[in-house]
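Here is the file input00.txt (compact mmCIF, C-alpha atoms and all ligand atoms).
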```txt
# COMPACT_ATOMS: atom_id res chain seq x y z
CA MET A 1 0.00 0.00 0.00
CA ARG A 2 1.12 3.62 -0.59
CA ILE A 3 1.06 5.27 2.84
CA LEU A 4 1.61 8.95 3.58
CA VAL A 5 2.97 9.29 7.10
CA ALA A 6 2.82 12.69 8.80
CA GLY A 7 5.19 12.94 11.73
CA GLY A 8 7.15 9.93 10.49
CA ALA A 9 10.43 11.31 11.84
CA GLY A 10 9.11 11.38 15.40
CA TYR A 11 9.25 8.76 18.11
CA ILE A 12 6.31 6.45 17.37
CA GLY A 13 6.23 7.55 13.73
CA SER A 14 9.78 6.50 12.95
CA VAL A 15 9.37 3.06 14.53
CA THR A 16 6.17 2.57 12.54
CA VAL A 17 7.72 3.78 9.28
CA ASP A 18 10.56 1.29 9.73
CA LEU A 19 8.10 -1.58 10.29
CA LEU A 20 5.86 -0.57 7.37
CA GLN A 21 8.88 -0.46 5.05
CA ARG A 22 10.14 -3.83 6.25
CA SER A 23 6.65 -5.21 5.61
CA GLY A 24 6.76 -4.15 1.96
CA HIS A 25 4.67 -0.97 2.07
CA GLU A 26 5.59 2.14 0.10
CA VAL A 27 5.94 4.98 2.57
CA HIS A 28 6.28 8.73 2.04
CA VAL A 29 7.09 10.74 5.16
CA ILE A 30 6.23 14.36 5.81
CA ASP A 31 7.58 16.01 8.93
CA ASN A 32 8.40 19.62 9.76
CA LEU A 33 11.28 18.40 11.98
CA SER A 34 10.08 20.65 14.81
CA TYR A 35 10.28 17.63 17.09
CA GLY A 36 11.22 14.84 14.67
CA HIS A 37 14.74 13.82 13.68
CA GLN A 38 15.90 13.17 10.15
CA ALA A 39 18.39 10.70 11.64
CA ALA A 40 15.39 8.56 12.63
CA LEU A 41 14.67 7.90 8.93
CA SER A 42 16.69 5.58 6.72
CA SER A 43 18.41 7.29 3.80
CA GLU A 44 16.12 5.41 1.38
CA THR A 45 12.95 6.86 2.91
CA ALA A 46 11.00 9.24 0.65
CA PHE A 47 10.76 12.34 2.79
CA ASP A 48 9.58 15.94 2.52
CA VAL A 49 10.21 18.56 5.16
CA ALA A 50 6.73 20.04 5.19
CA ASP A 51 4.38 21.57 7.72
CA LEU A 52 0.80 20.39 7.95
CA SER A 53 -0.30 24.02 8.34
CA ASN A 54 0.51 24.43 4.63
CA GLY A 55 -2.50 22.70 3.12
CA ASP A 56 -1.44 23.44 -0.47
CA ALA A 57 1.99 21.90 0.04
CA ILE A 58 0.50 18.79 1.64
CA LYS A 59 -1.99 18.43 -1.19
CA ALA A 60 0.78 18.76 -3.78
CA ILE A 61 2.73 15.97 -2.05
CA ALA A 62 -0.38 13.78 -2.01
CA GLU A 63 -1.06 14.52 -5.69
CA ALA A 64 2.42 13.31 -6.58
CA PHE A 65 2.38 10.26 -4.28
CA GLN A 66 -1.29 9.21 -4.64
CA PRO A 67 -1.53 7.65 -1.15
CA GLU A 68 -4.11 4.98 -0.45
CA ALA A 69 -3.75 5.68 3.27
CA ALA A 70 -2.53 8.42 5.57
CA VAL A 71 -1.19 7.96 9.07
CA HIS A 72 -1.08 10.95 11.42
CA PHE A 73 1.57 11.14 14.15
CA ALA A 74 2.31 14.85 13.83
CA ALA A 75 0.53 16.10 16.94
CA PHE A 76 1.69 18.05 19.96
CA ILE A 77 1.66 15.69 22.93
CA ALA A 78 2.39 17.42 26.22
CA VAL A 79 -0.62 17.51 28.54
CA GLY A 80 0.80 20.22 30.79
CA GLU A 81 1.78 22.48 27.89
CA SER A 82 -1.66 22.10 26.35
CA VAL A 83 -3.22 23.57 29.48
CA VAL A 84 -1.20 26.78 29.17
CA LYS A 85 -1.01 26.95 25.34
CA PRO A 86 -4.35 25.63 24.07
CA ASP A 87 -4.12 27.81 20.95
CA ILE A 88 -1.25 25.85 19.42
CA TYR A 89 -2.76 22.51 20.47
CA TYR A 90 -6.07 23.09 18.70
CA ARG A 91 -4.40 24.59 15.64
CA ASN A 92 -1.87 21.81 15.17
CA ASN A 93 -3.80 18.80 16.42
CA VAL A 94 -7.11 19.69 14.78
CA THR A 95 -6.79 22.27 11.98
CA ASN A 96 -3.46 21.05 10.64
CA ALA A 97 -4.48 17.39 10.91
CA GLN A 98 -7.50 18.22 8.78
CA ASN A 99 -5.16 19.46 6.05
CA LEU A 100 -3.71 15.94 5.85
CA LEU A 101 -7.18 14.41 5.79
CA GLU A 102 -8.25 16.80 3.04
CA ALA A 103 -5.14 16.02 0.99
CA LEU A 104 -5.99 12.32 1.26
CA ARG A 105 -9.64 12.87 0.36
CA LEU A 106 -8.95 15.14 -2.60
CA THR A 107 -6.46 12.69 -4.09
CA GLY A 108 -8.72 9.65 -3.70
CA GLY A 109 -7.23 7.97 -0.62
CA LYS A 110 -9.51 5.79 1.45
CA TYR A 111 -7.88 5.00 4.81
CA PHE A 112 -6.75 7.12 7.74
CA VAL A 113 -5.00 5.96 10.90
CA PHE A 114 -5.01 8.63 13.58
CA SER A 115 -3.04 8.46 16.82
CA SER A 116 -5.41 9.31 19.63
CA THR A 117 -4.95 8.97 23.34
CA ALA A 118 -6.25 7.66 26.64
CA ALA A 119 -6.54 11.34 27.59
CA VAL A 120 -9.92 11.43 25.79
CA TYR A 121 -11.40 9.49 28.73
CA GLY A 122 -10.38 11.99 31.41
CA GLU A 123 -10.44 10.77 35.01
CA PRO A 124 -11.75 7.21 34.61
CA THR A 125 -14.97 6.06 36.20
CA ALA A 126 -14.03 2.39 35.68
CA ILE A 127 -10.72 0.53 35.38
CA PRO A 128 -9.59 -0.98 33.06
CA ILE A 129 -10.83 1.51 30.48
CA THR A 130 -12.74 0.14 27.50
CA GLU A 131 -13.51 2.09 24.33
CA ASP A 132 -17.08 2.50 25.59
CA HIS A 133 -15.95 4.41 28.67
CA PRO A 134 -17.48 7.92 28.78
CA ILE A 135 -15.50 10.54 26.89
CA ALA A 136 -14.53 13.43 29.17
CA PRO A 137 -11.14 14.95 28.37
CA GLU A 138 -9.67 17.05 31.16
CA ASN A 139 -7.15 19.05 29.19
CA PRO A 140 -6.85 20.71 25.77
CA TYR A 141 -4.60 17.90 24.52
CA GLY A 142 -7.33 15.34 25.15
CA HIS A 143 -10.00 17.66 23.74
CA SER A 144 -7.97 18.26 20.57
CA LYS A 145 -7.63 14.52 19.98
CA ARG A 146 -11.33 13.96 20.57
CA MET A 147 -12.22 16.73 18.13
CA PHE A 148 -10.27 15.08 15.37
CA GLU A 149 -11.83 11.71 16.15
CA ILE A 150 -15.21 13.36 15.51
CA ILE A 151 -13.97 14.87 12.24
CA LEU A 152 -12.93 11.38 11.11
CA GLU A 153 -16.37 10.01 11.98
CA SER A 154 -17.94 12.70 9.77
CA TYR A 155 -15.56 11.98 6.90
CA ASP A 156 -16.46 8.30 7.08
CA THR A 157 -20.17 9.11 6.95
CA ALA A 158 -19.89 11.67 4.15
CA TYR A 159 -16.97 10.43 2.06
CA GLY A 160 -16.48 6.79 3.05
CA ILE A 161 -12.94 7.36 4.33
CA LYS A 162 -12.41 4.53 6.81
CA HIS A 163 -10.34 5.06 9.92
CA VAL A 164 -8.63 3.23 12.69
CA ILE A 165 -8.14 5.40 15.76
CA PRO A 166 -5.64 3.81 18.12
CA ARG A 167 -5.93 5.38 21.55
CA TYR A 168 -2.47 5.05 23.01
CA PHE A 169 -1.84 4.66 26.66
CA ASN A 170 1.80 5.49 27.54
CA ALA A 171 4.22 4.82 24.68
CA ALA A 172 7.65 3.83 25.95
CA GLY A 173 10.79 1.88 25.09
CA ALA A 174 12.99 1.76 22.01
CA THR A 175 14.14 -0.52 19.21
CA GLU A 176 17.79 -1.34 18.53
CA THR A 177 18.13 1.82 16.47
CA LEU A 178 15.16 4.10 17.18
CA GLY A 179 14.27 5.73 20.49
CA GLU A 180 12.62 8.56 22.34
CA ASP A 181 14.28 11.96 21.99
CA HIS A 182 11.98 14.89 22.70
CA HIS A 183 13.20 18.46 23.24
CA PRO A 184 12.16 19.38 25.81
CA GLU A 185 11.59 15.91 27.24
CA THR A 186 8.42 15.72 29.33
CA HIS A 187 7.83 11.97 29.56
CA LEU A 188 8.51 10.02 32.69
CA ILE A 189 10.69 7.11 31.54
CA PRO A 190 13.25 9.12 29.52
CA LEU A 191 13.43 11.71 32.31
CA VAL A 192 14.07 9.06 34.98
CA ILE A 193 16.74 7.52 32.74
CA GLN A 194 18.41 10.91 32.36
CA ALA A 195 18.36 11.29 36.15
CA ALA A 196 19.93 7.83 36.54
CA MET A 197 22.65 8.83 34.08
CA GLY A 198 23.37 12.04 36.00
CA GLN A 199 22.14 14.17 33.08
CA ARG A 200 19.62 15.79 35.41
CA GLU A 201 19.81 16.31 39.12
CA ASN A 202 16.67 14.42 40.05
CA ILE A 203 13.24 13.32 38.94
CA LYS A 204 10.30 15.36 40.12
CA VAL A 205 7.30 13.26 41.10
CA PHE A 206 4.27 15.30 40.07
CA GLY A 207 1.92 14.63 42.98
CA ALA A 208 2.37 12.11 45.80
CA ASP A 209 -1.13 12.57 47.22
CA TYR A 210 -3.25 10.83 44.57
CA ASP A 211 -5.77 8.20 45.61
CA THR A 212 -3.49 5.34 44.57
CA PRO A 213 -1.58 2.79 46.71
CA ASP A 214 1.66 4.81 46.81
CA GLY A 215 0.08 8.21 46.14
CA THR A 216 1.56 8.63 42.65
CA CYS A 217 -0.18 8.41 39.27
CA ILE A 218 -0.61 5.05 37.60
CA ARG A 219 -0.12 4.57 33.86
CA ASP A 220 -0.18 1.69 31.38
CA TYR A 221 3.19 1.67 29.57
CA ILE A 222 3.18 0.07 26.13
CA HIS A 223 6.27 -0.69 24.06
CA VAL A 224 6.68 1.46 20.96
CA GLU A 225 7.29 -1.67 18.85
CA ASP A 226 3.92 -3.02 19.94
CA LEU A 227 2.31 0.27 18.94
CA ALA A 228 4.00 0.11 15.53
CA GLN A 229 2.77 -3.45 15.03
CA ALA A 230 -0.79 -2.30 15.79
CA HIS A 231 -0.50 0.36 13.06
CA LEU A 232 0.66 -2.21 10.52
CA SER A 233 -2.22 -4.48 11.48
CA ALA A 234 -4.65 -1.55 11.36
CA LEU A 235 -3.67 -0.71 7.78
CA ASN A 236 -4.03 -4.35 6.74
CA TYR A 237 -7.42 -4.45 8.47
CA LEU A 238 -8.61 -1.38 6.55
CA ALA A 239 -7.28 -2.74 3.25
CA ASP A 240 -9.28 -5.92 3.90
CA GLY A 241 -12.46 -3.82 4.11
CA GLY A 242 -12.62 -3.37 7.88
CA ALA A 243 -15.08 -0.89 9.34
CA SER A 244 -13.95 2.26 11.11
CA VAL A 245 -13.00 1.59 14.70
CA LYS A 246 -11.40 3.04 17.83
CA LEU A 247 -8.95 0.80 19.68
CA ASN A 248 -7.26 1.16 23.04
CA LEU A 249 -3.60 0.17 22.91
CA GLY A 250 -2.10 -0.76 26.25
CA ASN A 251 -0.86 -3.76 28.21
CA GLY A 252 -3.64 -3.75 30.77
CA ALA A 253 -1.14 -3.36 33.61
CA GLY A 254 -0.70 -0.18 35.60
CA TYR A 255 2.54 1.08 37.18
CA SER A 256 2.89 4.06 39.48
CA VAL A 257 5.47 6.79 39.01
CA ARG A 258 7.40 5.33 41.95
CA GLU A 259 7.30 1.84 40.37
CA VAL A 260 8.71 3.25 37.13
CA ILE A 261 11.53 4.91 39.06
CA ALA A 262 12.24 1.60 40.84
CA SER A 263 12.32 -0.17 37.47
CA VAL A 264 14.90 2.27 36.11
CA GLU A 265 16.98 1.76 39.27
CA ARG A 266 16.84 -2.04 38.79
CA VAL A 267 17.67 -1.93 35.10
CA SER A 268 20.44 0.65 35.39
CA GLY A 269 21.83 -0.45 38.73
CA ARG A 270 21.97 3.23 39.69
CA PRO A 271 20.06 5.24 42.28
CA VAL A 272 17.65 7.94 41.10
CA PRO A 273 17.29 11.06 43.25
CA VAL A 274 13.59 11.83 43.73
CA VAL A 275 11.92 15.12 44.65
CA GLU A 276 8.22 15.33 45.41
CA ALA A 277 6.56 18.18 43.52
CA GLU A 278 3.11 19.67 42.94
CA ARG A 279 0.57 17.81 40.84
CA ARG A 280 0.80 18.58 37.12
CA ALA A 281 -2.32 20.21 35.70
CA GLY A 282 -4.54 17.90 33.67
CA ASP A 283 -3.21 14.54 34.98
CA ALA A 284 -5.66 11.71 35.62
CA SER A 285 -4.74 9.59 38.64
CA ARG A 286 -4.97 6.20 36.94
CA LEU A 287 -5.08 5.15 33.27
CA ILE A 288 -5.10 1.43 32.46
CA ALA A 289 -6.30 0.02 29.16
CA ALA A 290 -8.69 -2.75 28.31
CA SER A 291 -7.32 -3.63 24.86
CA ASP A 292 -9.55 -6.62 24.13
CA ARG A 293 -10.98 -4.95 21.05
CA ALA A 294 -7.53 -4.45 19.47
CA ARG A 295 -6.59 -7.99 20.40
CA THR A 296 -9.70 -9.34 18.69
CA ILE A 297 -10.02 -7.06 15.68
CA LEU A 298 -6.33 -6.74 14.83
CA ASN A 299 -5.25 -10.09 16.25
CA TRP A 300 -2.76 -7.97 18.20
CA THR A 301 -0.88 -9.05 21.31
CA PRO A 302 1.81 -6.92 22.90
CA LYS A 303 5.14 -8.74 22.60
CA HIS A 304 6.95 -6.67 25.25
CA PRO A 305 4.52 -6.27 28.16
CA ASP A 306 7.08 -6.39 30.97
CA LEU A 307 7.91 -2.97 32.44
CA ASP A 308 11.57 -3.82 33.05
CA ASP A 309 11.93 -5.00 29.43
CA ILE A 310 10.40 -1.75 28.19
CA VAL A 311 12.65 0.32 30.46
CA ARG A 312 15.71 -1.76 29.50
CA SER A 313 15.15 -1.10 25.80
CA ALA A 314 14.89 2.64 26.52
CA TRP A 315 17.98 2.49 28.75
CA ASP A 316 20.01 0.60 26.12
CA TRP A 317 19.07 3.11 23.41
CA ARG A 318 20.05 6.02 25.59
CA GLN A 319 23.43 4.43 26.35
CA LYS A 320 24.07 4.34 22.60
CA HIS A 321 22.71 7.89 22.15
CA PRO A 322 23.45 9.72 25.41
CA ASP A 323 22.44 13.06 23.90
CA GLY A 324 19.73 11.68 21.61
CA TYR A 325 19.87 11.62 17.81
CA GLU A 326 21.87 14.81 17.47
CA GLY A 327 24.41 13.74 20.08
N1 LIG B 1 5.56 12.47 35.69
C1 LIG B 1 6.28 12.84 36.82
N2 LIG B 1 7.45 13.53 36.65
C2 LIG B 1 7.91 13.90 35.42
C3 LIG B 1 7.18 13.51 34.29
C4 LIG B 1 6.00 12.80 34.44
O1 LIG B 1 5.90 12.54 37.94
O2 LIG B 1 8.97 14.55 35.36
C5 LIG B 1 4.32 11.72 35.85
C6 LIG B 1 3.11 12.39 35.24
O3 LIG B 1 2.54 13.31 36.15
C7 LIG B 1 2.21 11.20 34.96
C8 LIG B 1 3.21 10.08 34.62
O4 LIG B 1 4.46 10.51 35.15
O5 LIG B 1 1.50 10.84 36.10
C9 LIG B 1 3.37 9.86 33.13
O6 LIG B 1 3.59 11.12 32.53
P1 LIG B 1 4.06 11.28 31.02
O7 LIG B 1 4.27 12.74 30.78
O8 LIG B 1 5.22 10.36 30.77
O9 LIG B 1 2.87 10.71 30.16
P2 LIG B 1 1.29 11.12 30.11
O10 LIG B 1 0.62 10.19 31.07
O11 LIG B 1 1.16 12.56 30.46
O12 LIG B 1 0.91 10.84 28.69
```
Structure translated into structure tokens:
Amino acid sequence: MRILVAGGAGYIGSVTVDLLQRSGHEVHVIDNLSYGHQAALSSETAFDVADLSNGDAIKAIAEAFQPEAAVHFAAFIAVGESVVKPDIYYRNNVTNAQNLLEALRLTGGKYFVFSSTAAVYGEPTAIPITEDHPIAPENPYGHSKRMFEIILESYDTAYGIKHVIPRYFNAAGATETLGEDHHPETHLIPLVIQAAMGQRENIKVFGADYDTPDGTCIRDYIHVEDLAQAHLSALNYLADGGASVKLNLGNGAGYSVREVIASVERVSGRPVPVVEAERRAGDASRLIAASDRARTILNWTPKHPDLDDIVRSAWDWRQKHPDGYEG
């Protein structure tokens, strides 16, 4: 299949691009490199530095490539930042994403895979969270993702463009060659690893007074390779005539912030200095996925469910790239 991948030079995007290429798909990447890294793409990858805000440029790329499917990874992802800068979150995650969808529609493409998030559920009323859980985002990031989900539903109804909407829980880990390198880094596992390596003084625990066993937030960490595999399966599912669907992607196991820190200490053999800090705006206390639907519909099973294995892969990548891709 010809697949246009927006944000393909980013963390989850680059791992997925690599898998799609190894599976025989023809991939064209667009990325504005604001957060992505050209070094995360093989030299053979067809790639345009382009910004999704430029609808005409995106359409011209689609006219030349004639994609059958588009995959969107090019969103802003920081919950805390979205609370203080909602303007850029709605513009990029909704308006700019629609430019990609329009480019696909106007050039005859039929399938769209859109990275959504557990943040659409807000503070859960039941654990584990199924796709039928009430939708109640608690921050602009979650709202922006939900808005684009609704746009995709309308495009299916009106234009027959079929979608798979994976709702990620917490992406983590690395492959042999591709890893997590955000600037600034906001995610827990890479930050704890940097603290273990002495690259930062400590790790701040954002809230130790949540209603959880150790007082810190609980998340469901899912290996980035398992996420990539779900995207490959989602595209095959759509090509086989599958109906539009939303799918939670997680392991179904929750780990607290303190448990993640302990895992990094085990894997690295180094102590991590911890400082308790204020809660971060917009954080739900506990997010754990029920991924039965993805397991059934995509025949998907996470291959790396163990937290220490996930952390070890991230640790190993960081040892090879102590300053990230540009290091
Ligand atoms: N977290 C933390 N300290 C940090 C970064 C994150 O305590 O320096 C917490 C955060 O409040 C959340 C969990 O770690 O409870 C996972 O946060 P992350 O930003 O990695 O992912 P999110 O759940 O926001 O997608």
Taking only residues of chain A that have an atom at most 10 Å from an atom of ligand LIG 1 (chain B), what is each one's shortest atom pair and its distance in Å to one decimal, using only C-alpha atoms and all ligand atoms, in chain and number order, as a tab-separated table?
```
residue	atom	partner	partner_atom	distance
A:Ile77	CA	B:LIG1	O12	7.6
A:Ala78	CA	B:LIG1	O11	6.6
A:Val79	CA	B:LIG1	O11	5.6
A:Gly80	CA	B:LIG1	O11	7.7
A:Thr117	CA	B:LIG1	O12	8.2
A:Ala118	CA	B:LIG1	O12	8.1
A:Ala119	CA	B:LIG1	O12	7.5
A:Tyr141	CA	B:LIG1	O11	9.8
A:Tyr168	CA	B:LIG1	O12	8.8
A:Phe169	CA	B:LIG1	O12	7.1
A:Asn170	CA	B:LIG1	O12	5.5
A:Ala171	CA	B:LIG1	O12	8.0
A:Ala172	CA	B:LIG1	O8	8.5
A:Glu185	CA	B:LIG1	O2	8.6
A:Thr186	CA	B:LIG1	O7	5.3
A:His187	CA	B:LIG1	O8	3.3
A:Leu188	CA	B:LIG1	O8	3.8
A:Ile189	CA	B:LIG1	O8	6.4
A:Pro190	CA	B:LIG1	O8	8.2
A:Leu191	CA	B:LIG1	O2	6.1
A:Val192	CA	B:LIG1	O2	7.5
A:Ala195	CA	B:LIG1	O2	10.0
A:Asn202	CA	B:LIG1	O2	9.0
A:Ile203	CA	B:LIG1	O2	5.7
A:Lys204	CA	B:LIG1	N2	4.8
A:Val205	CA	B:LIG1	O1	3.5
A:Phe206	CA	B:LIG1	O1	3.8
A:Gly207	CA	B:LIG1	O1	6.8
A:Ala208	CA	B:LIG1	O1	8.6
A:Tyr210	CA	B:LIG1	O5	9.7
A:Thr216	CA	B:LIG1	O5	6.9
A:Cys217	CA	B:LIG1	O5	4.3
A:Ile218	CA	B:LIG1	O5	6.3
A:Arg219	CA	B:LIG1	O10	6.3
A:Asp220	CA	B:LIG1	O10	8.5
A:Tyr221	CA	B:LIG1	C9	8.9
A:Tyr255	CA	B:LIG1	C8	9.4
A:Ser256	CA	B:LIG1	O5	7.7
A:Val257	CA	B:LIG1	O4	5.5
A:Arg258	CA	B:LIG1	O1	8.4
A:Val260	CA	B:LIG1	O4	8.6
A:Ile261	CA	B:LIG1	O1	9.5
A:Val274	CA	B:LIG1	N2	9.5
A:Val275	CA	B:LIG1	N2	9.3
A:Glu276	CA	B:LIG1	O1	8.3
A:Ala277	CA	B:LIG1	O1	8.0
A:Glu278	CA	B:LIG1	O1	9.1
A:Arg279	CA	B:LIG1	O3	6.8
A:Arg280	CA	B:LIG1	O3	5.6
A:Ala281	CA	B:LIG1	O3	8.5
A:Gly282	CA	B:LIG1	O11	8.4
A:Asp283	CA	B:LIG1	O3	6.0
A:Ala284	CA	B:LIG1	O5	7.2
A:Ser285	CA	B:LIG1	O5	6.9
A:Arg286	CA	B:LIG1	O5	8.0
A:Leu287	CA	B:LIG1	O10	7.9
```
### Task
For A:Glu326, work out the shell of residues within 10 Å, counting all atoms listed in the file and skipping chain neighbours fewer than 5 positions away, then give it as a list in words.
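With the cut-off at 10 Å, the set is His37, Gln38, Ala39, Asp181 and His321 of chain A.
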### Query
With distances taken over only C-alpha atoms, which of A:Thr177, A:Ser42, A:Asn92, A:Gln199 is nearest to A:Pro322?
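Using only C-alpha atoms, A:Pro322 sits closest to A:Gln199.
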### Task
Considering all atoms listed in the file, return as a ChimeraX atom specification whatever protein or nucleic-acid residues lie within 7 Å of stretch 53-65 of chain A, sequence-local ones (same chain, fewer than 6 positions apart) excluded.
/A:96,99-100,103-104,107
### Message
Residues near A:Ser14, anyone? I mean within 10 Å using all atoms listed in the file, not counting same-chain ones fewer than 5 positions away, as a PyMOL selection string.
### Response
chain A and resi 5+7-9+19-20+29+36-42+73+178-179+224+228
### Task
Extract, using all atoms listed in the file, all DNA, RNA and protein residues at most 6 Å from A:Ala290, discarding same-chain residues fewer than 5 positions from it, and format them as a ChimeraX atom specification.
/A:128-130,252
### Task
Pick out the closest residue to A:Ser268 from this set: A:Lys162, A:Lys303, A:Arg318, A:His72. Count only C-alpha atoms.
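Smallest separation from A:Ser268 among the options: A:Arg318.
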